[in-house]
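Student: File protein05.cif below, mmCIF, C-alpha atoms:
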data_model
#
loop_
_atom_site.label_atom_id
_atom_site.label_comp_id
_atom_site.auth_asym_id
_atom_site.auth_seq_id
_atom_site.Cartn_x
_atom_site.Cartn_y
_atom_site.Cartn_z
CA MET P 1 -31.56 30.43 6.86
CA MET P 2 -27.97 31.24 5.93
CA HIS P 3 -25.21 29.85 8.15
CA ASP P 4 -21.75 31.15 8.99
CA TYR P 5 -21.19 27.91 10.80
CA ASP P 6 -19.18 25.34 8.83
CA PRO P 7 -18.45 22.05 10.68
CA PHE P 8 -15.50 21.35 8.36
CA GLU P 9 -13.80 24.61 9.28
CA VAL P 10 -14.33 24.03 13.01
CA TRP P 11 -13.01 20.47 12.64
CA ALA P 12 -10.00 21.64 10.57
CA ALA P 13 -9.13 24.32 13.15
CA GLN P 14 -8.99 21.64 15.87
CA LYS P 15 -7.01 19.38 13.57
CA ARG P 16 -4.45 22.12 12.85
CA GLU P 17 -3.99 22.62 16.57
CA ARG P 18 -3.55 18.90 17.23
CA LEU P 19 -0.95 18.70 14.45
CA GLY P 20 1.12 21.39 16.11
CA GLY P 21 0.16 24.56 14.29
CA PRO P 22 1.56 25.88 11.02
CA PRO P 23 4.62 24.07 9.63
CA THR P 24 7.94 25.91 9.68
CA PRO P 25 9.59 26.75 6.37
CA GLU P 26 12.33 24.26 7.22
CA GLU P 27 9.78 21.46 7.71
CA VAL P 28 8.08 22.25 4.43
CA VAL P 29 11.37 22.32 2.54
CA ALA P 30 12.43 19.00 4.08
CA PHE P 31 9.03 17.54 3.14
CA LEU P 32 9.32 18.75 -0.44
CA ARG P 33 12.78 17.22 -0.69
CA GLY P 34 11.55 13.87 0.67
CA GLU P 35 13.85 14.09 3.69
CA LEU P 36 11.28 13.46 6.43
CA ASN P 37 10.40 10.08 7.88
CA GLU P 38 6.98 8.65 7.08
CA LYS P 39 5.28 9.95 10.20
CA GLU P 40 6.64 13.48 9.92
CA ALA P 41 5.92 13.62 6.18
CA ALA P 42 2.30 12.64 6.86
CA ARG P 43 2.02 15.39 9.47
CA VAL P 44 3.44 18.09 7.20
CA GLN P 45 1.27 16.93 4.30
CA ALA P 46 -1.81 17.17 6.54
CA LEU P 47 -0.78 20.67 7.64
CA LEU P 48 -0.34 21.77 4.04
CA VAL P 49 -3.88 20.53 3.36
CA TYR P 50 -5.45 22.10 6.45
CA TYR P 51 -3.77 25.47 5.84
CA PRO P 52 -5.38 26.11 2.46
CA GLU P 53 -3.11 29.05 1.70
CA LEU P 54 -0.20 26.56 1.72
CA THR P 55 -1.94 23.74 -0.15
CA PRO P 56 -0.53 24.70 -3.61
CA LEU P 57 2.92 23.83 -2.25
CA LEU P 58 1.95 20.14 -2.38
CA ARG P 59 2.45 20.37 -6.13
CA GLU P 60 6.04 21.51 -5.62
CA ARG P 61 6.79 18.09 -4.18
CA LYS P 62 6.69 16.47 -7.59
CA ARG P 63 9.52 18.61 -8.85
CA VAL P 64 11.72 18.10 -5.83
CA VAL P 65 11.23 14.52 -4.62
CA PRO P 66 13.98 12.25 -6.01
CA ARG P 67 12.71 10.40 -9.06
CA LYS P 68 13.96 7.05 -7.78
CA ARG P 69 11.59 7.15 -4.83
CA ARG P 70 8.61 7.99 -7.02
CA ILE P 71 9.34 5.03 -9.29
CA TRP P 72 9.40 2.73 -6.27
CA THR P 73 6.15 4.20 -5.00
CA ARG P 74 4.47 3.16 -8.23
CA ALA P 75 6.35 -0.10 -8.78
CA LEU P 76 5.57 -1.57 -5.36
CA PRO P 77 1.78 -1.90 -5.79
CA VAL P 78 2.32 -3.41 -9.26
CA ALA P 79 4.83 -5.94 -7.92
CA ALA P 80 2.53 -6.79 -5.00
CA ALA P 81 -0.39 -7.34 -7.41
CA ALA P 82 1.79 -9.59 -9.60
CA VAL P 83 2.86 -11.70 -6.59
CA ILE P 84 -0.75 -12.06 -5.44
CA ALA P 85 -1.86 -13.08 -8.95
CA LEU P 86 0.95 -15.65 -9.18
CA GLN P 87 0.11 -17.10 -5.78
CA THR P 88 -3.56 -17.36 -6.74
CA ILE P 89 -2.68 -19.27 -9.93
CA LEU P 90 -0.41 -21.65 -8.00
CA LEU P 91 -3.08 -22.18 -5.35
CA VAL P 92 -5.74 -23.00 -7.94
CA GLN P 93 -3.37 -25.38 -9.74
CA SER P 94 -2.45 -27.22 -6.54
CA ARG P 95 -6.14 -27.43 -5.54
CA MET P 96 -6.96 -28.97 -8.93
CA GLN P 97 -4.12 -31.47 -8.62
CA LEU P 98 -5.19 -32.41 -5.11
CA ALA P 99 -8.79 -32.81 -6.23
CA GLY P 100 -7.61 -35.18 -8.99
CA ALA P 101 -5.48 -37.20 -6.60
CA ARG P 102 -8.31 -37.51 -4.06
CA ARG P 103 -10.89 -38.61 -6.57
CA PRO P 104 -11.72 -42.36 -6.26
CA HIS P 105 -10.54 -44.32 -9.28
CA VAL P 106 -10.02 -47.89 -10.48
CA HIS P 107 -6.66 -49.13 -11.63
CA GLU P 108 -6.72 -50.45 -15.15
CA ALA P 109 -4.52 -53.43 -14.31
CA ARG P 110 -2.12 -54.77 -11.73
CA HIS P 111 1.27 -55.59 -13.16
CA GLU P 112 3.23 -58.29 -11.41
CA LEU P 113 6.90 -58.10 -12.23
CA GLU P 114 9.44 -60.84 -11.84
CA SER P 115 12.96 -60.27 -10.70
CA ALA P 116 15.76 -60.84 -13.18
CA PRO P 117 19.11 -62.44 -12.43
CA LEU P 118 21.61 -59.89 -11.23
CA ILE P 119 24.46 -61.47 -13.16
CA ARG P 120 24.27 -60.47 -16.80
CA GLY P 121 23.78 -63.35 -19.24
CA PHE P 122 22.53 -65.68 -16.59
CA GLY P 123 19.20 -67.03 -17.73
CA GLY P 124 17.00 -65.71 -20.54
CA THR P 125 13.86 -64.48 -18.71
CA PRO P 126 11.83 -62.30 -21.13
CA VAL P 127 11.37 -58.69 -20.02
CA PRO P 128 7.70 -57.98 -19.21
CA GLU P 129 5.97 -55.30 -21.21
CA LEU P 130 3.53 -52.77 -19.80
CA PRO P 131 1.13 -50.90 -22.09
CA ALA P 132 1.89 -47.20 -22.51
CA GLY P 133 -0.73 -44.57 -21.71
CA GLU P 134 -2.03 -45.67 -18.32
CA SER P 135 -2.71 -42.79 -15.98
CA GLU P 136 -1.29 -44.79 -13.07
CA TYR P 137 0.54 -48.10 -12.91
CA LEU P 138 -0.12 -50.48 -10.06
CA ILE P 139 2.99 -52.63 -9.88
CA ALA P 140 3.65 -55.60 -7.61
CA LEU P 141 7.20 -56.71 -6.92
CA THR P 142 7.59 -60.01 -5.10
CA LEU P 143 10.96 -60.79 -3.62
CA THR P 144 12.26 -64.22 -4.30
CA GLY P 145 14.43 -64.38 -1.21
CA ARG P 146 13.74 -63.35 2.35
CA PRO P 147 16.62 -61.19 3.51
CA ASN P 148 17.25 -60.47 7.14
CA THR P 149 16.37 -56.76 6.99
CA ARG P 150 13.41 -54.53 7.72
CA ASN P 151 14.34 -51.52 5.60
CA TYR P 152 14.44 -51.37 1.85
CA ARG P 153 15.07 -48.78 -0.77
CA LEU P 154 13.48 -48.81 -4.22
CA ASP P 155 14.92 -47.00 -7.25
CA LEU P 156 13.06 -46.66 -10.55
CA LEU P 157 15.65 -46.21 -13.31
CA ASP P 158 15.01 -45.03 -16.85
CA LEU P 159 17.29 -47.13 -19.04
CA SER P 160 16.23 -45.43 -22.28
CA ALA P 161 17.92 -42.18 -21.39
CA PRO P 162 21.42 -41.67 -22.85
CA ARG P 163 22.73 -42.19 -19.34
CA LYS P 164 20.49 -44.26 -17.16
CA ARG P 165 18.97 -42.15 -14.43
CA VAL P 166 16.87 -42.59 -11.31
CA VAL P 167 13.44 -41.11 -11.99
CA TRP P 168 11.91 -42.02 -8.66
CA SER P 169 13.23 -43.38 -5.37
CA ALA P 170 11.74 -44.37 -2.01
CA SER P 171 13.70 -45.28 1.10
CA SER P 172 12.71 -46.91 4.39
CA VAL P 173 9.91 -48.88 2.73
CA ARG P 174 8.67 -52.28 3.84
CA PRO P 175 6.95 -55.00 1.83
CA ASN P 176 3.62 -56.60 2.65
CA GLU P 177 4.89 -60.10 3.36
CA ARG P 178 7.37 -60.25 0.49
CA THR P 179 5.51 -58.05 -1.96
CA PHE P 180 5.87 -54.32 -2.63
CA ASN P 181 2.74 -52.74 -4.10
CA LEU P 182 3.63 -49.53 -5.90
CA THR P 183 1.49 -46.93 -7.58
CA ILE P 184 3.50 -45.00 -10.14
CA PRO P 185 1.97 -42.03 -12.02
CA GLY P 186 1.83 -42.53 -15.80
CA THR P 187 3.90 -39.38 -16.32
CA TYR P 188 6.92 -41.28 -14.94
CA LEU P 189 6.58 -44.14 -17.40
CA ARG P 190 6.76 -42.99 -21.01
CA PRO P 191 7.49 -45.71 -23.61
CA GLY P 192 10.99 -47.07 -22.95
CA SER P 193 12.96 -49.49 -20.81
CA TYR P 194 13.01 -49.35 -17.02
CA THR P 195 14.10 -51.28 -14.01
CA ILE P 196 13.14 -51.13 -10.38
CA ASP P 197 16.09 -51.96 -8.17
CA VAL P 198 15.39 -53.17 -4.65
CA TYR P 199 18.11 -52.43 -2.12
CA ALA P 200 18.36 -53.86 1.36
CA ALA P 201 19.61 -51.61 4.12
CA ALA P 202 21.78 -53.56 6.53
CA GLU P 203 24.24 -52.61 9.21
CA GLY P 204 27.13 -52.95 6.77
CA GLY P 205 25.50 -50.57 4.28
CA VAL P 206 23.05 -50.78 1.41
CA TYR P 207 23.29 -53.53 -1.20
CA LEU P 208 21.35 -54.39 -4.33
CA LEU P 209 18.99 -57.23 -3.58
CA GLU P 210 16.86 -57.76 -6.64
CA ARG P 211 16.20 -56.10 -9.98
CA PHE P 212 12.83 -55.92 -11.76
CA PRO P 213 13.27 -54.84 -15.38
CA PHE P 214 10.32 -53.98 -17.63
CA ASP P 215 9.50 -52.13 -20.82
CA VAL P 216 6.68 -49.71 -21.48
CA LYS P 217 5.48 -50.01 -25.06
CA ASN P 218 2.76 -48.54 -27.21
CA GLU P 219 0.22 -51.19 -28.05
CA MET G 1 30.75 38.71 -3.74
CA SER G 2 30.35 35.53 -1.77
CA GLU G 3 27.92 32.77 -2.73
CA ASN G 4 25.63 33.61 0.22
CA GLU G 5 25.56 37.32 -0.68
CA ARG G 6 24.65 36.44 -4.26
CA ARG G 7 21.81 34.20 -3.08
CA CYS G 8 20.54 36.91 -0.70
CA GLU G 9 20.33 39.34 -3.59
CA GLU G 10 18.40 36.77 -5.58
CA LEU G 11 15.77 36.63 -2.82
CA TYR G 12 14.57 40.08 -3.89
CA ARG G 13 13.50 38.61 -7.22
CA TYR G 14 10.64 36.98 -5.30
CA LYS G 15 9.61 40.21 -3.51
CA GLU G 16 6.69 41.28 -5.71
CA ARG G 17 5.34 37.76 -6.01
CA LEU G 18 5.55 37.35 -2.25
CA VAL G 19 3.73 40.64 -1.62
CA ARG G 20 0.91 39.51 -3.93
CA TYR G 21 0.69 36.24 -2.01
CA VAL G 22 0.47 37.97 1.39
CA VAL G 23 -2.24 40.30 0.06
CA SER G 24 -4.11 37.25 -1.26
CA ILE G 25 -4.33 35.82 2.25
CA GLY G 26 -6.01 38.94 3.58
CA ARG G 27 -3.33 41.51 4.50
CA LEU G 28 -3.20 45.11 3.37
CA GLU G 29 -0.65 46.09 0.74
CA GLN G 30 1.41 48.19 3.21
CA ASP G 31 1.43 45.40 5.82
CA ALA G 32 2.35 42.90 3.13
CA GLN G 33 5.37 45.01 2.12
CA ASP G 34 6.58 45.05 5.74
CA ILE G 35 6.03 41.34 6.20
CA VAL G 36 7.97 40.51 3.03
CA GLN G 37 10.88 42.71 4.11
CA ILE G 38 11.07 40.93 7.45
CA VAL G 39 10.85 37.50 5.85
CA ILE G 40 13.53 38.22 3.25
CA ALA G 41 15.88 39.59 5.92
CA ARG G 42 15.39 36.54 8.14
CA THR G 43 15.81 34.15 5.24
CA CYS G 44 19.00 35.90 4.19
CA ALA G 45 20.42 35.43 7.69
CA LYS G 46 20.23 31.68 7.26
CA ILE G 47 20.45 31.40 3.51
CA GLU G 48 22.93 28.50 3.69
CA THR G 49 20.19 26.27 5.18
CA VAL G 50 17.70 27.01 2.39
CA PRO G 51 18.03 24.65 -0.60
CA SER G 52 18.22 26.63 -3.83
CA GLU G 53 15.43 24.62 -5.50
CA SER G 54 13.00 25.30 -2.62
CA VAL G 55 13.51 29.04 -2.08
CA TRP G 56 9.97 29.95 -3.17
CA ALA G 57 8.35 27.32 -0.93
CA TYR G 58 10.48 28.50 2.01
CA LEU G 59 9.65 32.19 1.50
CA ARG G 60 5.97 31.45 1.05
CA VAL G 61 5.62 29.45 4.28
CA ALA G 62 7.70 31.98 6.20
CA ALA G 63 5.57 34.88 4.87
CA ARG G 64 2.35 33.09 5.67
CA ASN G 65 3.46 32.35 9.24
CA GLU G 66 4.69 35.90 9.78
CA ALA G 67 1.43 37.36 8.44
CA PHE G 68 -0.65 35.21 10.78
CA ASN G 69 1.63 35.83 13.76
CA GLN G 70 1.30 39.57 13.26
CA ALA G 71 -2.47 39.28 12.90
CA THR G 72 -2.68 37.28 16.13
CA ARG G 73 -0.52 39.81 18.02
CA THR G 74 -2.65 42.69 16.78
CA ARG G 75 -5.86 40.93 17.74
CA THR G 76 -4.61 40.12 21.25
CA ASP G 77 -3.55 43.70 21.82
CA ASP G 78 -6.86 45.13 20.68
CA PRO G 79 -9.04 45.97 23.72
CA LEU G 80 -12.04 46.48 21.47
CA ASP G 81 -11.83 42.95 20.17
CA GLU G 82 -14.94 41.80 21.97
CA ILE G 83 -16.90 44.76 20.75
CA ASN G 84 -15.70 44.36 17.18
CA GLN G 85 -17.12 40.83 16.96
CA PRO G 86 -20.12 40.59 14.61
CA LEU G 87 -23.29 41.08 16.53
CA ALA G 88 -25.49 38.09 17.17
CA ASP G 89 -28.63 37.68 15.15
CA ARG G 90 -30.89 40.27 16.76
CA SER G 91 -34.01 38.58 15.46
CA ARG G 92 -33.42 35.74 17.96
CA SER G 93 -33.86 35.88 21.69
CA PRO G 94 -30.92 35.03 23.98
CA GLU G 95 -32.63 31.71 24.76
CA ASP G 96 -32.89 30.84 21.06
CA GLU G 97 -29.26 31.79 20.61
CA LEU G 98 -28.24 29.51 23.49
CA ILE G 99 -30.27 26.59 22.15
CA ALA G 100 -28.77 27.04 18.67
CA ARG G 101 -25.27 27.08 20.14
CA GLU G 102 -25.87 23.87 22.08
CA GLU G 103 -27.37 22.22 19.03
CA ARG G 104 -24.27 23.15 17.03
CA ALA G 105 -21.94 21.84 19.75
CA ARG G 106 -23.75 18.49 19.83
CA PHE G 107 -23.68 18.24 16.06
CA GLN G 108 -20.00 19.19 15.92
CA GLN G 109 -19.13 16.45 18.39
CA THR G 110 -20.87 13.77 16.29
CA PHE G 111 -19.29 15.24 13.19
CA ASN G 112 -15.81 15.07 14.74
CA GLU G 113 -16.36 11.47 15.87
CA THR G 114 -17.44 10.42 12.38
CA MET G 115 -14.51 12.21 10.76
CA ALA G 116 -12.15 10.42 13.15
CA GLU G 117 -13.25 7.10 11.68
CA PHE G 118 -11.80 8.01 8.27
CA SER G 119 -8.17 7.56 7.26
CA PRO G 120 -6.04 10.74 7.24
CA GLU G 121 -6.12 10.79 3.43
CA THR G 122 -9.91 10.47 3.30
CA GLN G 123 -10.21 13.30 5.82
CA GLN G 124 -7.99 15.41 3.60
CA ILE G 125 -10.06 14.55 0.52
CA LEU G 126 -13.26 15.61 2.29
CA PHE G 127 -11.74 18.87 3.47
CA MET G 128 -10.28 19.70 0.06
CA ARG G 129 -13.63 19.00 -1.60
CA ARG G 130 -15.29 21.25 0.96
CA ARG G 131 -12.78 23.90 -0.07
CA GLY G 132 -14.03 23.56 -3.64
CA MET G 133 -11.16 21.61 -5.16
CA SER G 134 -11.88 19.14 -7.98
CA ASN G 135 -11.11 15.42 -7.80
CA ASP G 136 -8.31 15.88 -10.33
CA GLN G 137 -6.68 18.67 -8.33
CA ILE G 138 -6.90 16.64 -5.13
CA ALA G 139 -5.48 13.58 -6.87
CA GLU G 140 -2.55 15.62 -8.14
CA ASP G 141 -1.84 17.21 -4.75
CA LEU G 142 -2.09 13.99 -2.75
CA GLY G 143 -0.42 11.76 -5.37
CA LEU G 144 -3.51 9.55 -5.79
CA HIS G 145 -5.42 8.33 -8.83
CA PRO G 146 -8.48 10.48 -9.66
CA THR G 147 -10.71 7.38 -9.64
CA ALA G 148 -9.52 6.54 -6.13
CA VAL G 149 -10.26 10.09 -4.98
CA ARG G 150 -13.75 9.96 -6.52
CA SER G 151 -14.67 6.60 -4.97
CA ARG G 152 -13.24 7.46 -1.53
CA PHE G 153 -15.01 10.79 -1.51
CA SER G 154 -18.29 9.24 -2.58
CA ARG G 155 -18.16 6.54 0.15
CA ALA G 156 -17.03 8.94 2.86
CA LYS G 157 -19.65 11.52 1.97
CA LYS G 158 -22.40 8.91 2.21
CA GLN G 159 -21.11 7.64 5.56
CA LEU G 160 -20.75 11.16 6.91
CA CYS G 161 -24.27 12.18 5.86
CA ASP G 162 -25.72 8.92 7.22
CA ASP G 163 -23.89 8.98 10.56
CA VAL G 164 -23.93 12.58 11.78
CA GLY G 165 -27.69 12.78 12.09
CA ASP G 166 -29.72 15.92 11.63
CA PRO G 167 -27.56 19.01 11.13
CA PRO G 168 -28.54 22.38 12.61
CA THR G 169 -31.41 24.04 10.80
CA GLY G 170 -30.47 25.43 7.43
CA LEU G 171 -27.29 23.37 7.10
CA SER G 172 -26.83 20.56 4.58
CA LEU G 173 -23.63 18.51 4.58
CA SER G 174 -24.43 17.21 1.14
CA GLU G 175 -24.62 20.76 -0.20
CA LEU G 176 -21.42 21.77 1.59
CA LEU G 177 -19.54 18.90 -0.06
CA GLY G 178 -21.06 19.23 -3.52
CA ASP G 179 -21.74 16.47 -6.04
CA ASP G 180 -19.91 13.17 -6.08
CA ASP G 181 -18.32 14.17 -9.35
CA ASP G 182 -16.17 17.25 -9.67
CA ALA G 183 -17.05 20.34 -7.74
#
Take the structure in the file and give it back as structure tokens.
Tutor:
Amino acid sequence: MMHDYDPFEVWAAQKRERLGGPPTPEEVVAFLRGELNEKEAARVQALLVYYPELTPLLRERKRVVPRKRRIWTRALPVAAAAVIALQTILLVQSRMQLAGARRPHVHEARHELESAPLIRGFGGTPVPELPAGESEYLIALTLTGRPNTRNYRLDLLDLSAPRKRVVWSASSVRPNERTFNLTIPGTYLRPGSYTIDVYAAAEGGVYLLERFPFDVKNE
Amino acid sequence: MSENERRCEELYRYKERLVRYVVSIGRLEQDAQDIVQIVIARTCAKIETVPSESVWAYLRVAARNEAFNQATRTRTDDPLDEINQPLADRSRSPEDELIAREERARFQQTFNETMAEFSPETQQILFMRRRGMSNDQIAEDLGLHPTAVRSRFSRAKKQLCDDVGDPPTGLSLSELLGDDDDA
């Protein structure tokens, strides 16, 4: 049986009414020129669709809308996709690093360092050597004295650099008895000469307490 | 000659094109001539508000609205309007006619509710496909990618056909909308 009834046409007629009837020429011109706010533009676009005799005017928009806006319309999704991709890469990288750090592992050796005299030329203690290539260095520093302080600062200095520089530092640390047990990632200790300076924080300020020099050498 | 007078004269360049457009939307040639005259005169009166690059769009919308306004006025004034309506299918009894009307009303309500679940753009895609437009034409008009139009249409069509239930006898939504690919 043939039907005159078309649910789409009935629906569209109601839709046209809800949207406020046919658009005025002024509204259409403003829409084509990109001068309407988002909500109004959506309404006029819908009206141009639901009044089929006006639908071809949608194509006029391309010639009239300022080019700058069209570029942004296309660039935004691309930029958003790039940001999402970058964030995903960073997330995966950080997850992998965390997984590595959490994995149980055994230290290859514990290196006990001795403090050197602070006054240059005093004594001839040989500088200990640590083998290069360890993934992590477990280093024990035992203080020779027992200063009257509870807060210490440790600085790891790279002496091989043209100008010696602090490559790692920790403040407000406390020893176990008189020993600091440090775990230093291998990436911090390439072959070269280093020292770990132990500072004591006292009311009068911070002063150098002891120095633990060492070399990292290829075996 | 002032700038506005010059632009008013230029409006007459669109006259023939505008008459053809009004005829294409169902008005008689003589009526179309009258409508175009009215529209050009009104547009001329406020020519300074009409951007020069959008004159055709302005005239077209104004002519369309005037044509439909006139049609509505004529219809309201016509006392024989009721009588001029197409006669109901005489092969059916009044009871059958009433049942069919109720069935349609129920179906239309479900149809409207399902359509309301779609985004405005998906609704527009469905309507434009129903009107026989191709995916490429719709994509161009709505500023979307043709692949996006195709996939949204395909999903929406499936949901619509699944959710609205049995249509009135002899009606097929799937046939009304055409294939998933271009109409």
Student: Which residues of chain G are close to chain P, meaning at most 10 Å apart when you count all atoms listed in the file, and how do they look as a PDB file with C-alpha atoms, in the coordinates of the input?
Tutor:
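Below is the file that was written, iface.pdb:
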ATOM      1  CA  TYR G  21       0.690  36.240  -2.010  1.00  0.00           C
ATOM      2  CA  VAL G  22       0.470  37.970   1.390  1.00  0.00           C
ATOM      3  CA  SER G  24      -4.110  37.250  -1.260  1.00  0.00           C
ATOM      4  CA  ILE G  25      -4.330  35.820   2.250  1.00  0.00           C
ATOM      5  CA  THR G  43      15.810  34.150   5.240  1.00  0.00           C
ATOM      6  CA  THR G  49      20.190  26.270   5.180  1.00  0.00           C
ATOM      7  CA  VAL G  50      17.700  27.010   2.390  1.00  0.00           C
ATOM      8  CA  PRO G  51      18.030  24.650  -0.600  1.00  0.00           C
ATOM      9  CA  GLU G  53      15.430  24.620  -5.500  1.00  0.00           C
ATOM     10  CA  SER G  54      13.000  25.300  -2.620  1.00  0.00           C
ATOM     11  CA  VAL G  55      13.510  29.040  -2.080  1.00  0.00           C
ATOM     12  CA  TRP G  56       9.970  29.950  -3.170  1.00  0.00           C
ATOM     13  CA  ALA G  57       8.350  27.320  -0.930  1.00  0.00           C
ATOM     14  CA  TYR G  58      10.480  28.500   2.010  1.00  0.00           C
ATOM     15  CA  LEU G  59       9.650  32.190   1.500  1.00  0.00           C
ATOM     16  CA  ARG G  60       5.970  31.450   1.050  1.00  0.00           C
ATOM     17  CA  VAL G  61       5.620  29.450   4.280  1.00  0.00           C
ATOM     18  CA  ALA G  62       7.700  31.980   6.200  1.00  0.00           C
ATOM     19  CA  ALA G  63       5.570  34.880   4.870  1.00  0.00           C
ATOM     20  CA  ARG G  64       2.350  33.090   5.670  1.00  0.00           C
ATOM     21  CA  ASN G  65       3.460  32.350   9.240  1.00  0.00           C
ATOM     22  CA  PHE G  68      -0.650  35.210  10.780  1.00  0.00           C
ATOM     23  CA  ARG G 104     -24.270  23.150  17.030  1.00  0.00           C
ATOM     24  CA  ALA G 105     -21.940  21.840  19.750  1.00  0.00           C
ATOM     25  CA  PHE G 107     -23.680  18.240  16.060  1.00  0.00           C
ATOM     26  CA  GLN G 108     -20.000  19.190  15.920  1.00  0.00           C
ATOM     27  CA  GLN G 109     -19.130  16.450  18.390  1.00  0.00           C
ATOM     28  CA  PHE G 111     -19.290  15.240  13.190  1.00  0.00           C
ATOM     29  CA  ASN G 112     -15.810  15.070  14.740  1.00  0.00           C
ATOM     30  CA  MET G 115     -14.510  12.210  10.760  1.00  0.00           C
ATOM     31  CA  PRO G 120      -6.040  10.740   7.240  1.00  0.00           C
ATOM     32  CA  GLU G 121      -6.120  10.790   3.430  1.00  0.00           C
ATOM     33  CA  GLN G 123     -10.210  13.300   5.820  1.00  0.00           C
ATOM     34  CA  GLN G 124      -7.990  15.410   3.600  1.00  0.00           C
ATOM     35  CA  ILE G 125     -10.060  14.550   0.520  1.00  0.00           C
ATOM     36  CA  LEU G 126     -13.260  15.610   2.290  1.00  0.00           C
ATOM     37  CA  PHE G 127     -11.740  18.870   3.470  1.00  0.00           C
ATOM     38  CA  MET G 128     -10.280  19.700   0.060  1.00  0.00           C
ATOM     39  CA  ARG G 130     -15.290  21.250   0.960  1.00  0.00           C
ATOM     40  CA  ARG G 131     -12.780  23.900  -0.070  1.00  0.00           C
ATOM     41  CA  GLN G 137      -6.680  18.670  -8.330  1.00  0.00           C
ATOM     42  CA  ILE G 138      -6.900  16.640  -5.130  1.00  0.00           C
ATOM     43  CA  GLU G 140      -2.550  15.620  -8.140  1.00  0.00           C
ATOM     44  CA  ASP G 141      -1.840  17.210  -4.750  1.00  0.00           C
ATOM     45  CA  LEU G 142      -2.090  13.990  -2.750  1.00  0.00           C
ATOM     46  CA  GLY G 143      -0.420  11.760  -5.370  1.00  0.00           C
ATOM     47  CA  PRO G 167     -27.560  19.010  11.130  1.00  0.00           C
ATOM     48  CA  PRO G 168     -28.540  22.380  12.610  1.00  0.00           C
ATOM     49  CA  THR G 169     -31.410  24.040  10.800  1.00  0.00           C
ATOM     50  CA  GLY G 170     -30.470  25.430   7.430  1.00  0.00           C
ATOM     51  CA  LEU G 171     -27.290  23.370   7.100  1.00  0.00           C
ATOM     52  CA  SER G 172     -26.830  20.560   4.580  1.00  0.00           C
ATOM     53  CA  LEU G 173     -23.630  18.510   4.580  1.00  0.00           C
ATOM     54  CA  LEU G 176     -21.420  21.770   1.590  1.00  0.00           C
ATOM     55  CA  LEU G 177     -19.540  18.900  -0.060  1.00  0.00           C
TER      56      LEU G 177
END
Student: One decimal, Å: what's the distance from atom CA of G:Ser134 over to atom CA of G:Ala67, could you say?
Tutor: 27.9 Å
Student: What is the distance, in Å and to one decimal place, between atom CA of P:Ala202 and atom CA of P:Trp168?
Tutor: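 Computing it gives 21.5 Å between the two atoms.
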Student: What separation in Å, quoted to one decimal, exists between atom CA of G:Arg17 and atom CA of G:Asp34?
Tutor: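 These atoms are spaced 13.9 Å apart.
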Student: Env of stretch 176-180 of chain P: 12 Å cut, atoms = all atoms listed in the file, seq-sep filter 4 positions within chain, self excluded. Answer as a PDB file with C-alpha atoms, in the frame of the given file.
Tutor:
ATOM      1  CA  HIS P 111       1.270 -55.590 -13.160  1.00  0.00           C
ATOM      2  CA  GLU P 112       3.230 -58.290 -11.410  1.00  0.00           C
ATOM      3  CA  LEU P 113       6.900 -58.100 -12.230  1.00  0.00           C
ATOM      4  CA  GLU P 114       9.440 -60.840 -11.840  1.00  0.00           C
ATOM      5  CA  SER P 115      12.960 -60.270 -10.700  1.00  0.00           C
ATOM      6  CA  LEU P 138      -0.120 -50.480 -10.060  1.00  0.00           C
ATOM      7  CA  ILE P 139       2.990 -52.630  -9.880  1.00  0.00           C
ATOM      8  CA  ALA P 140       3.650 -55.600  -7.610  1.00  0.00           C
ATOM      9  CA  LEU P 141       7.200 -56.710  -6.920  1.00  0.00           C
ATOM     10  CA  THR P 142       7.590 -60.010  -5.100  1.00  0.00           C
ATOM     11  CA  LEU P 143      10.960 -60.790  -3.620  1.00  0.00           C
ATOM     12  CA  THR P 144      12.260 -64.220  -4.300  1.00  0.00           C
ATOM     13  CA  GLY P 145      14.430 -64.380  -1.210  1.00  0.00           C
ATOM     14  CA  ARG P 146      13.740 -63.350   2.350  1.00  0.00           C
ATOM     15  CA  PRO P 147      16.620 -61.190   3.510  1.00  0.00           C
ATOM     16  CA  ASN P 148      17.250 -60.470   7.140  1.00  0.00           C
ATOM     17  CA  THR P 149      16.370 -56.760   6.990  1.00  0.00           C
ATOM     18  CA  ARG P 150      13.410 -54.530   7.720  1.00  0.00           C
ATOM     19  CA  TYR P 152      14.440 -51.370   1.850  1.00  0.00           C
ATOM     20  CA  ARG P 153      15.070 -48.780  -0.770  1.00  0.00           C
ATOM     21  CA  LEU P 154      13.480 -48.810  -4.220  1.00  0.00           C
ATOM     22  CA  ALA P 170      11.740 -44.370  -2.010  1.00  0.00           C
ATOM     23  CA  ILE P 196      13.140 -51.130 -10.380  1.00  0.00           C
ATOM     24  CA  ASP P 197      16.090 -51.960  -8.170  1.00  0.00           C
ATOM     25  CA  VAL P 198      15.390 -53.170  -4.650  1.00  0.00           C
ATOM     26  CA  PHE P 212      12.830 -55.920 -11.760  1.00  0.00           C
TER      27      PHE P 212
END
Student: Once the PyMOL selection byres ((chain G and resi 36) around 9) is applied to the coordinates I shared, what remains selected? I want it as a short mmCIF file (atom, residue, chain, number, x, y, z; two decimals) with C-alpha atoms, in the frame of the given file.
Tutor:
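The resulting file, part_33.cif, is reproduced below:
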data_model
loop_
_atom_site.label_atom_id
_atom_site.label_comp_id
_atom_site.auth_asym_id
_atom_site.auth_seq_id
_atom_site.Cartn_x
_atom_site.Cartn_y
_atom_site.Cartn_z
CA LYS G 15 9.61 40.21 -3.51
CA GLU G 16 6.69 41.28 -5.71
CA LEU G 18 5.55 37.35 -2.25
CA VAL G 19 3.73 40.64 -1.62
CA VAL G 22 0.47 37.97 1.39
CA ASP G 31 1.43 45.40 5.82
CA ALA G 32 2.35 42.90 3.13
CA GLN G 33 5.37 45.01 2.12
CA ASP G 34 6.58 45.05 5.74
CA ILE G 35 6.03 41.34 6.20
CA GLN G 37 10.88 42.71 4.11
CA ILE G 38 11.07 40.93 7.45
CA VAL G 39 10.85 37.50 5.85
CA ILE G 40 13.53 38.22 3.25
CA ALA G 41 15.88 39.59 5.92
CA LEU G 59 9.65 32.19 1.50
CA ALA G 63 5.57 34.88 4.87
CA GLU G 66 4.69 35.90 9.78
#
